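Trainee: I'd like to ask you about the structure that follows.
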Amino acid sequence: MKKHFLLLVFLLFAAIVEAANPVKQMLERFQKGLSNRFKIEIRSSSDQGDYFELYGGGRKVTVRANNYVSAAFGINWYLKYYCHAHVSFCEDRLPDLPVDLPQVKERHETVLSDNFYMNYCTFSYTTAFWDWKRWEREIDLMALSGINMPMAMVGAEVVWRNTLLKFGYTLPEVKEFLCGPAYFGWLLMGNLENIGGPLPDEWFKEQTVLQKKILARMREYGMKPVFQGFFGMVPSSLKEKYPEAHLVEQGLWNSLQRPPVLDPADPLFEQMAKVWYTEYEKLYGKADLFGGDLFHEGGKTGGIDVTDAARRVQTAMKQYNPDATWVIQAWLGNPKKELLAGLDRKHTLIVDLAAEFWDNWRKRKGFDGFPWLWSHISNYGANIGLHGRLDAIATGPIDGRKDPEASPSMKGTSSTPEGIEVNPVVFDLLNEMRWRSEYLDIDTWLKEYSLRRYGAEDENLKKAWIIFHRTAYGTYSGHRRPSESVFCAPPSLKRDKITASAWSQCRIFYDPDLFAQGVGLFLKSADHLKTVATYQYDVVDFVRQYLA
């Protein structure tokens, strides 16, 4: 009787654990019954590195990994390379799996611990008005992509509200400082204030509820969310509340008034930082990772000791949480050497935002030993043009791993797009690179991508993708951004001045005639693929690019 009881308890416990498995739940959201085709085992690795193993077949494939994100990525690997399926933020192709699943026996491991995702701009350019349903899908896609370090900036405006109310501000005054959702990314980077507002009262409650759902799901997967740190940016109106405080004016950013920086040596800084982190934890729980950049995009130091200022910013984080890490953007010369001189390397992580173009990690020799991530931006300004330097993305992370000076401090890979829901091939490729230690043949990879993206062994599609690699997705000198449509640009007789937005260009770096051949080949498959959602999405995208 006792044995039967213990067996019943064990089976009940196993059933509860199975039901609580976030990867199983995620698979059901993608396709009812899909979770039954995989047995998931979470076991820690003896060397503490990330790994996943795939073995078995028939009715069920076993996936063994050291955490849920590794397991989810392993399942996606199997779906991609054995079932020719594809999921993305630009439509899915996820057919019913065969009764007998293909046999598999693979193990993949990586010494790179981190895969960072998103950019401050993403939260304004793409996600500003997302609801929970859209966020839930994005977090599921993050897990399948092996992303374990996502930015989590939703609801940061509520932290600002709660903090400023404790320093003599009224709610209307707080709203005068805060931006509207479409500009909030630039506020968090310290580039502007009071644009696009004021926010309605209900916004704060709605965003708090949303962020709590986002964080709960991220934490279920074991992801490490990145919160906004307090680095000294304050409202311009703070000088009226605290006239004795030492504020460093930051001047204008593209004709817009930048908020000043409160000197971290000023006693008020420590007081505000303490309240900031306390309010953050009250709202959203504890975090170990905090973003924020001193003197972003031309900020002024105002004569303060930059090394000491950086030390104080990080000290405030660590006083709140001794395990806190400051996540810093490498962008336009930042972070300066004098800033890094004040930091504890063990509690700093540098994201080399546009490594696919600038290679700052190489020029700065792995940031002189500071932990760093190889990252691509690819999308600027949420521009919809086809773009992604595939050769650079395929080789850059491997170059970093093999570089004798940079590899010891390389911690992972990253995607930091300003806008998403475009160019799924770029993200598919990058998210594999953390798990690859050797160079791959892009043409071969793209042929496999074509098969899983459209579900057809089609020579026209394969040839088309080889052409797209040599044209729109090529890697050219000086070609940092997507090319814009000339139809969206104001008329001009100056060819180099034709542009639809402030920092881009309408110049085409590739051979448009060759690209047209690729589009023509792609369209030849329309008769038998016209009902496939992924093909529908891409054919519109490619023809749009051709016409533009």
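Residues in the structure tokens are numbered from 1 in each chain, the chains being A, B, ... in the order shown, and ligands are numbered from 1 in the order shown.
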Excluding segment 537-548 of chain A and residues on its chain fewer than 2 positions from it, collect all residues at most 6 Å away from it, counting only C-alpha atoms, and give them as a PyMOL selection string.
Mentor: chain A and resi 485+534-535
Trainee: Could you pull the residues within 7 Å of Leu101 of chain A, counting only C-alpha atoms, minus those fewer than 6 positions along the same chain, as a list in words?
Mentor: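 Near neighbours after the sequence-gap exclusion: Gly57, Gly58, Arg59 and Lys60 of chain A.
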Trainee: In terms of the shortest atom-to-atom distance over only C-alpha atoms, which of A:Arg217, A:Lys463, A:Lys274, A:Arg495 is closest to Gln319 of chain A?
Mentor: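 When distances to Gln319 of chain A are compared using only C-alpha atoms, the smallest one comes from A:Lys274.
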Trainee: Out of A:Ala128, A:Val306, A:Val111, A:Val532, which residue has the shortest atom-to-atom distance to Asp47 of chain A when counting only C-alpha atoms?
Mentor: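 So, comparing all the options, the nearest one is A:Val111.
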Trainee: Taking the DSSP secondary structure from the backbone, can you list the residues of segment 218-316 of chain A that are strand (DSSP E or B), as a ChimeraX atom specification?
Mentor: /A:226-228,233,247-248,252-253,256-257,261-262,289-291
Trainee: Just the number, please: distance in Å from atom CA of Gly185 of chain A to atom CA of Gly342 of chain A, one decimal.
Mentor: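 That distance, rounded to one decimal, is 26.3 Å.
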Trainee: Identify all residues of segment 57-246 of chain A in helix (DSSP H, G or I) (DSSP on the backbone) and supply them as a PyMOL selection string.
Mentor: chain A and resi 68-81+122-125+132-144+156-165+171-177+181-188+201-221+238-241
Trainee: Go ahead and save the picked residues with C-alpha atoms, as a PDB file, in the first residue's frame.
Mentor:
```
ATOM      1  CA  TYR A  68      14.367  25.788 -20.781  1.00  0.00           C
ATOM      2  CA  VAL A  69      15.763  28.258 -23.334  1.00  0.00           C
ATOM      3  CA  SER A  70      18.378  25.755 -24.514  1.00  0.00           C
ATOM      4  CA  ALA A  71      15.650  23.106 -24.728  1.00  0.00           C
ATOM      5  CA  ALA A  72      13.377  25.412 -26.736  1.00  0.00           C
ATOM      6  CA  PHE A  73      16.213  26.262 -29.114  1.00  0.00           C
ATOM      7  CA  GLY A  74      16.975  22.546 -29.475  1.00  0.00           C
ATOM      8  CA  ILE A  75      13.364  21.835 -30.410  1.00  0.00           C
ATOM      9  CA  ASN A  76      13.460  24.652 -32.958  1.00  0.00           C
ATOM     10  CA  TRP A  77      16.690  23.188 -34.366  1.00  0.00           C
ATOM     11  CA  TYR A  78      14.935  19.851 -34.818  1.00  0.00           C
ATOM     12  CA  LEU A  79      11.866  21.465 -36.389  1.00  0.00           C
ATOM     13  CA  LYS A  80      14.072  23.431 -38.798  1.00  0.00           C
ATOM     14  CA  TYR A  81      16.551  20.776 -39.858  1.00  0.00           C
ATOM     15  CA  THR A 122      12.435  48.775 -30.546  1.00  0.00           C
ATOM     16  CA  PHE A 123      10.167  49.722 -27.658  1.00  0.00           C
ATOM     17  CA  SER A 124       9.077  52.843 -29.514  1.00  0.00           C
ATOM     18  CA  TYR A 125       9.332  51.857 -33.171  1.00  0.00           C
ATOM     19  CA  TRP A 132      -0.176  40.806 -24.006  1.00  0.00           C
ATOM     20  CA  LYS A 133      -1.112  38.451 -26.854  1.00  0.00           C
ATOM     21  CA  ARG A 134       1.578  39.947 -29.110  1.00  0.00           C
ATOM     22  CA  TRP A 135       4.148  40.020 -26.303  1.00  0.00           C
ATOM     23  CA  GLU A 136       3.374  36.402 -25.405  1.00  0.00           C
ATOM     24  CA  ARG A 137       4.138  35.323 -28.960  1.00  0.00           C
ATOM     25  CA  GLU A 138       7.342  37.375 -29.056  1.00  0.00           C
ATOM     26  CA  ILE A 139       8.620  35.820 -25.834  1.00  0.00           C
ATOM     27  CA  ASP A 140       7.841  32.364 -27.225  1.00  0.00           C
ATOM     28  CA  LEU A 141       9.819  33.275 -30.348  1.00  0.00           C
ATOM     29  CA  MET A 142      12.652  34.468 -28.111  1.00  0.00           C
ATOM     30  CA  ALA A 143      12.774  31.076 -26.397  1.00  0.00           C
ATOM     31  CA  LEU A 144      12.746  29.176 -29.696  1.00  0.00           C
ATOM     32  CA  ALA A 156       9.809  52.052 -17.003  1.00  0.00           C
ATOM     33  CA  GLU A 157       7.707  55.213 -17.156  1.00  0.00           C
ATOM     34  CA  VAL A 158       5.860  53.978 -14.050  1.00  0.00           C
ATOM     35  CA  VAL A 159       9.180  53.796 -12.208  1.00  0.00           C
ATOM     36  CA  TRP A 160       9.860  57.373 -13.266  1.00  0.00           C
ATOM     37  CA  ARG A 161       6.454  58.441 -12.003  1.00  0.00           C
ATOM     38  CA  ASN A 162       6.842  56.734  -8.621  1.00  0.00           C
ATOM     39  CA  THR A 163      10.402  58.046  -8.178  1.00  0.00           C
ATOM     40  CA  LEU A 164       9.680  61.661  -9.068  1.00  0.00           C
ATOM     41  CA  LEU A 165       6.584  61.763  -6.859  1.00  0.00           C
ATOM     42  CA  LEU A 171       1.601  63.931 -11.369  1.00  0.00           C
ATOM     43  CA  PRO A 172       1.031  66.695 -13.961  1.00  0.00           C
ATOM     44  CA  GLU A 173       4.696  67.704 -13.562  1.00  0.00           C
ATOM     45  CA  VAL A 174       5.799  64.090 -14.059  1.00  0.00           C
ATOM     46  CA  LYS A 175       3.731  63.967 -17.248  1.00  0.00           C
ATOM     47  CA  GLU A 176       5.419  67.140 -18.475  1.00  0.00           C
ATOM     48  CA  PHE A 177       8.725  65.249 -18.358  1.00  0.00           C
ATOM     49  CA  PRO A 181       5.053  55.796 -26.182  1.00  0.00           C
ATOM     50  CA  ALA A 182       6.447  56.331 -29.688  1.00  0.00           C
ATOM     51  CA  TYR A 183       9.291  58.468 -28.273  1.00  0.00           C
ATOM     52  CA  PHE A 184       9.975  56.709 -25.015  1.00  0.00           C
ATOM     53  CA  GLY A 185      13.050  54.847 -26.249  1.00  0.00           C
ATOM     54  CA  TRP A 186      14.780  58.158 -26.849  1.00  0.00           C
ATOM     55  CA  LEU A 187      13.874  59.374 -23.368  1.00  0.00           C
ATOM     56  CA  LEU A 188      15.450  56.287 -21.824  1.00  0.00           C
ATOM     57  CA  ASP A 201      -3.679  58.237 -16.235  1.00  0.00           C
ATOM     58  CA  GLU A 202      -4.805  54.746 -17.205  1.00  0.00           C
ATOM     59  CA  TRP A 203      -1.620  54.180 -19.207  1.00  0.00           C
ATOM     60  CA  PHE A 204       0.472  53.691 -16.059  1.00  0.00           C
ATOM     61  CA  LYS A 205      -1.779  50.962 -14.669  1.00  0.00           C
ATOM     62  CA  GLU A 206      -2.082  49.179 -18.015  1.00  0.00           C
ATOM     63  CA  GLN A 207       1.688  49.133 -18.565  1.00  0.00           C
ATOM     64  CA  THR A 208       2.342  47.882 -15.049  1.00  0.00           C
ATOM     65  CA  VAL A 209      -0.035  44.958 -15.563  1.00  0.00           C
ATOM     66  CA  LEU A 210       1.495  44.225 -18.975  1.00  0.00           C
ATOM     67  CA  GLN A 211       5.090  44.330 -17.732  1.00  0.00           C
ATOM     68  CA  LYS A 212       4.302  41.962 -14.875  1.00  0.00           C
ATOM     69  CA  LYS A 213       2.930  39.435 -17.374  1.00  0.00           C
ATOM     70  CA  ILE A 214       5.969  39.889 -19.616  1.00  0.00           C
ATOM     71  CA  LEU A 215       8.405  39.376 -16.762  1.00  0.00           C
ATOM     72  CA  ALA A 216       6.544  36.404 -15.326  1.00  0.00           C
ATOM     73  CA  ARG A 217       6.808  34.592 -18.671  1.00  0.00           C
ATOM     74  CA  MET A 218      10.450  35.559 -19.208  1.00  0.00           C
ATOM     75  CA  ARG A 219      11.322  34.294 -15.742  1.00  0.00           C
ATOM     76  CA  GLU A 220       9.411  31.044 -16.300  1.00  0.00           C
ATOM     77  CA  TYR A 221      11.776  30.363 -19.196  1.00  0.00           C
ATOM     78  CA  LEU A 238      14.737  69.256 -11.404  1.00  0.00           C
ATOM     79  CA  LYS A 239      16.801  72.449 -11.161  1.00  0.00           C
ATOM     80  CA  GLU A 240      13.649  74.217  -9.975  1.00  0.00           C
ATOM     81  CA  LYS A 241      13.042  71.608  -7.278  1.00  0.00           C
TER      82      LYS A 241
END
```
Trainee: Can you work out which one of A:Tyr320, A:Tyr277, A:Tyr476, A:Trp503 has the shortest atom-to-atom distance to Glu356 of chain A, counting only C-alpha atoms?
Mentor: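 The answer is A:Tyr476, which sits nearest to Glu356 of chain A.
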Trainee: What are the nearest atom pairs, with distances in Å to one decimal, for all residues of segment 409-500 of chain A that come at most 10 Å from segment 508-511 of chain A, using only C-alpha atoms, set out by chain and rising residue number as JSON lines?
Mentor:
```
{"residue": "A:Phe468", "atom": "CA", "partner": "A:Tyr510", "partner_atom": "CA", "distance": 9.7}
{"residue": "A:Arg470", "atom": "CA", "partner": "A:Tyr510", "partner_atom": "CA", "distance": 7.7}
{"residue": "A:Thr471", "atom": "CA", "partner": "A:Tyr510", "partner_atom": "CA", "distance": 4.9}
{"residue": "A:Ala472", "atom": "CA", "partner": "A:Tyr510", "partner_atom": "CA", "distance": 6.5}
{"residue": "A:Tyr473", "atom": "CA", "partner": "A:Tyr510", "partner_atom": "CA", "distance": 9.0}
{"residue": "A:Gly474", "atom": "CA", "partner": "A:Tyr510", "partner_atom": "CA", "distance": 7.6}
{"residue": "A:Thr475", "atom": "CA", "partner": "A:Phe509", "partner_atom": "CA", "distance": 9.3}
{"residue": "A:Tyr476", "atom": "CA", "partner": "A:Phe509", "partner_atom": "CA", "distance": 7.1}
{"residue": "A:Ser477", "atom": "CA", "partner": "A:Phe509", "partner_atom": "CA", "distance": 8.9}
{"residue": "A:Gly478", "atom": "CA", "partner": "A:Phe509", "partner_atom": "CA", "distance": 8.9}
{"residue": "A:His479", "atom": "CA", "partner": "A:Phe509", "partner_atom": "CA", "distance": 7.0}
{"residue": "A:Pro482", "atom": "CA", "partner": "A:Ile508", "partner_atom": "CA", "distance": 9.0}
{"residue": "A:Ser483", "atom": "CA", "partner": "A:Ile508", "partner_atom": "CA", "distance": 6.2}
{"residue": "A:Glu484", "atom": "CA", "partner": "A:Ile508", "partner_atom": "CA", "distance": 8.6}
{"residue": "A:Ser485", "atom": "CA", "partner": "A:Ile508", "partner_atom": "CA", "distance": 9.6}
```
Trainee: Okay, now the selection with all heavy atoms, as a tab-separated table (two decimals), in the first residue's frame?
Mentor:
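Output file selection_33.tsv is given in full below:
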```tsv
chain	number	residue	atom	x	y	z
A	468	PHE	N	19.46	36.75	-53.90
A	468	PHE	CA	19.17	37.73	-52.84
A	468	PHE	C	20.39	37.92	-51.94
A	468	PHE	O	20.65	39.02	-51.45
A	468	PHE	CB	17.97	37.26	-52.01
A	468	PHE	CG	16.68	37.16	-52.78
A	468	PHE	CD1	15.69	36.27	-52.40
A	468	PHE	CD2	16.46	37.95	-53.91
A	468	PHE	CE1	14.50	36.17	-53.12
A	468	PHE	CE2	15.28	37.87	-54.63
A	468	PHE	CZ	14.29	36.97	-54.24
A	470	ARG	N	23.42	37.77	-52.93
A	470	ARG	CA	24.39	38.56	-53.68
A	470	ARG	C	23.90	39.98	-53.98
A	470	ARG	O	24.63	40.77	-54.58
A	470	ARG	CB	24.76	37.85	-54.98
A	470	ARG	CG	25.71	36.68	-54.77
A	470	ARG	CD	25.64	35.64	-55.88
A	470	ARG	NE	26.65	34.60	-55.72
A	470	ARG	CZ	26.65	33.68	-54.76
A	470	ARG	NH1	25.70	33.68	-53.84
A	470	ARG	NH2	27.60	32.76	-54.68
A	471	THR	N	22.68	40.28	-53.59
A	471	THR	CA	22.11	41.61	-53.85
A	471	THR	C	21.65	42.25	-52.55
A	471	THR	O	22.45	42.79	-51.80
A	471	THR	CB	20.97	41.51	-54.88
A	471	THR	OG1	20.01	40.53	-54.46
A	471	THR	CG2	21.50	41.14	-56.25
A	472	ALA	N	20.37	42.18	-52.24
A	472	ALA	CA	19.81	42.90	-51.11
A	472	ALA	C	20.42	42.50	-49.77
A	472	ALA	O	20.55	43.33	-48.86
A	472	ALA	CB	18.30	42.70	-51.06
A	473	TYR	N	20.81	41.22	-49.64
A	473	TYR	CA	21.38	40.75	-48.37
A	473	TYR	C	22.90	40.62	-48.44
A	473	TYR	O	23.50	39.88	-47.66
A	473	TYR	CB	20.75	39.41	-47.98
A	473	TYR	CG	19.30	39.55	-47.55
A	473	TYR	CD1	18.26	39.12	-48.38
A	473	TYR	CD2	18.97	40.13	-46.33
A	473	TYR	CE1	16.93	39.26	-47.99
A	473	TYR	CE2	17.65	40.26	-45.94
A	473	TYR	CZ	16.63	39.83	-46.76
A	473	TYR	OH	15.32	39.97	-46.37
A	474	GLY	N	23.49	41.35	-49.35
A	474	GLY	CA	24.94	41.33	-49.48
A	474	GLY	C	25.63	42.22	-48.46
A	474	GLY	O	25.00	43.00	-47.73
A	475	THR	N	26.94	42.13	-48.42
A	475	THR	CA	27.76	42.92	-47.49
A	475	THR	C	28.66	43.83	-48.31
A	475	THR	O	29.59	43.37	-48.98
A	475	THR	CB	28.61	41.99	-46.60
A	475	THR	OG1	27.73	41.15	-45.85
A	475	THR	CG2	29.48	42.79	-45.64
A	476	TYR	N	28.34	45.14	-48.30
A	476	TYR	CA	29.04	46.10	-49.13
A	476	TYR	C	29.67	47.18	-48.28
A	476	TYR	O	29.13	47.57	-47.24
A	476	TYR	CB	28.07	46.76	-50.13
A	476	TYR	CG	27.22	45.79	-50.88
A	476	TYR	CD1	25.90	45.56	-50.51
A	476	TYR	CD2	27.74	45.07	-51.96
A	476	TYR	CE1	25.11	44.66	-51.18
A	476	TYR	CE2	26.95	44.16	-52.64
A	476	TYR	CZ	25.64	43.94	-52.25
A	476	TYR	OH	24.87	43.04	-52.92
A	477	SER	N	30.78	47.71	-48.74
A	477	SER	CA	31.44	48.81	-48.03
A	477	SER	C	30.52	50.03	-47.98
A	477	SER	O	29.99	50.45	-49.00
A	477	SER	CB	32.75	49.16	-48.75
A	477	SER	OG	33.37	50.27	-48.13
A	478	GLY	N	30.33	50.57	-46.81
A	478	GLY	CA	29.51	51.77	-46.65
A	478	GLY	C	28.02	51.52	-46.57
A	478	GLY	O	27.24	52.44	-46.38
A	479	HIS	N	27.61	50.26	-46.69
A	479	HIS	CA	26.18	49.94	-46.73
A	479	HIS	C	25.72	49.49	-45.34
A	479	HIS	O	25.60	48.29	-45.06
A	479	HIS	CB	25.92	48.84	-47.75
A	479	HIS	CG	24.46	48.58	-48.02
A	479	HIS	ND1	23.99	47.36	-48.42
A	479	HIS	CD2	23.38	49.40	-47.94
A	479	HIS	CE1	22.67	47.42	-48.58
A	479	HIS	NE2	22.29	48.65	-48.29
A	482	PRO	N	19.29	49.86	-44.49
A	482	PRO	CA	18.46	49.47	-45.64
A	482	PRO	C	18.30	50.64	-46.62
A	482	PRO	O	18.29	51.80	-46.21
A	482	PRO	CB	17.10	49.13	-45.00
A	482	PRO	CG	17.39	48.93	-43.54
A	482	PRO	CD	18.57	49.79	-43.22
A	483	SER	N	18.19	50.33	-47.89
A	483	SER	CA	17.92	51.36	-48.88
A	483	SER	C	16.43	51.69	-48.86
A	483	SER	O	15.59	50.80	-48.76
A	483	SER	CB	18.31	50.88	-50.28
A	483	SER	OG	19.70	50.62	-50.34
A	484	GLU	N	16.12	52.99	-48.96
A	484	GLU	CA	14.73	53.43	-48.91
A	484	GLU	C	14.15	53.56	-50.32
A	484	GLU	O	14.87	53.69	-51.30
A	484	GLU	CB	14.63	54.78	-48.19
A	484	GLU	CG	15.03	54.69	-46.73
A	484	GLU	CD	14.85	56.02	-46.01
A	484	GLU	OE1	15.25	57.06	-46.57
A	484	GLU	OE2	14.32	56.00	-44.90
A	485	SER	N	12.83	53.56	-50.39
A	485	SER	CA	12.15	53.70	-51.66
A	485	SER	C	12.24	55.14	-52.15
A	485	SER	O	11.93	56.09	-51.43
A	485	SER	CB	10.67	53.32	-51.52
A	485	SER	OG	9.96	53.69	-52.68
```
Trainee: Contacts between segment 402-414 of chain A and segment 305-391 of chain A, please, where a residue of segment 305-391 of chain A counts if it comes within 8 Å (with only C-alpha atoms); show its shortest atom pair and distance in Å to one decimal, rows by chain and ascending number, as CSV.
Mentor:
```
residue,atom,partner,partner_atom,distance
A:Val351,CA,A:Ser414,CA,7.6
A:Trp361,CA,A:Ala406,CA,7.1
A:Arg362,CA,A:Ala406,CA,7.0
A:Lys365,CA,A:Ala406,CA,5.4
A:Gly366,CA,A:Ala406,CA,3.8
A:Phe367,CA,A:Ala406,CA,7.5
A:Asp368,CA,A:Ala406,CA,7.9
A:Gly369,CA,A:Ser409,CA,5.5
A:Phe370,CA,A:Ser409,CA,6.0
A:Pro371,CA,A:Ser409,CA,4.7
A:Trp372,CA,A:Met410,CA,5.1
A:Leu373,CA,A:Gly412,CA,4.9
A:Trp374,CA,A:Thr413,CA,4.7
A:Ser375,CA,A:Ser414,CA,4.3
A:His376,CA,A:Ser414,CA,6.6
```
Trainee: Record the distance separating atom CA of Glu41 of chain A and atom CA of Arg64 of chain A, expressed in Å with one decimal.
Mentor: 4.6 Å
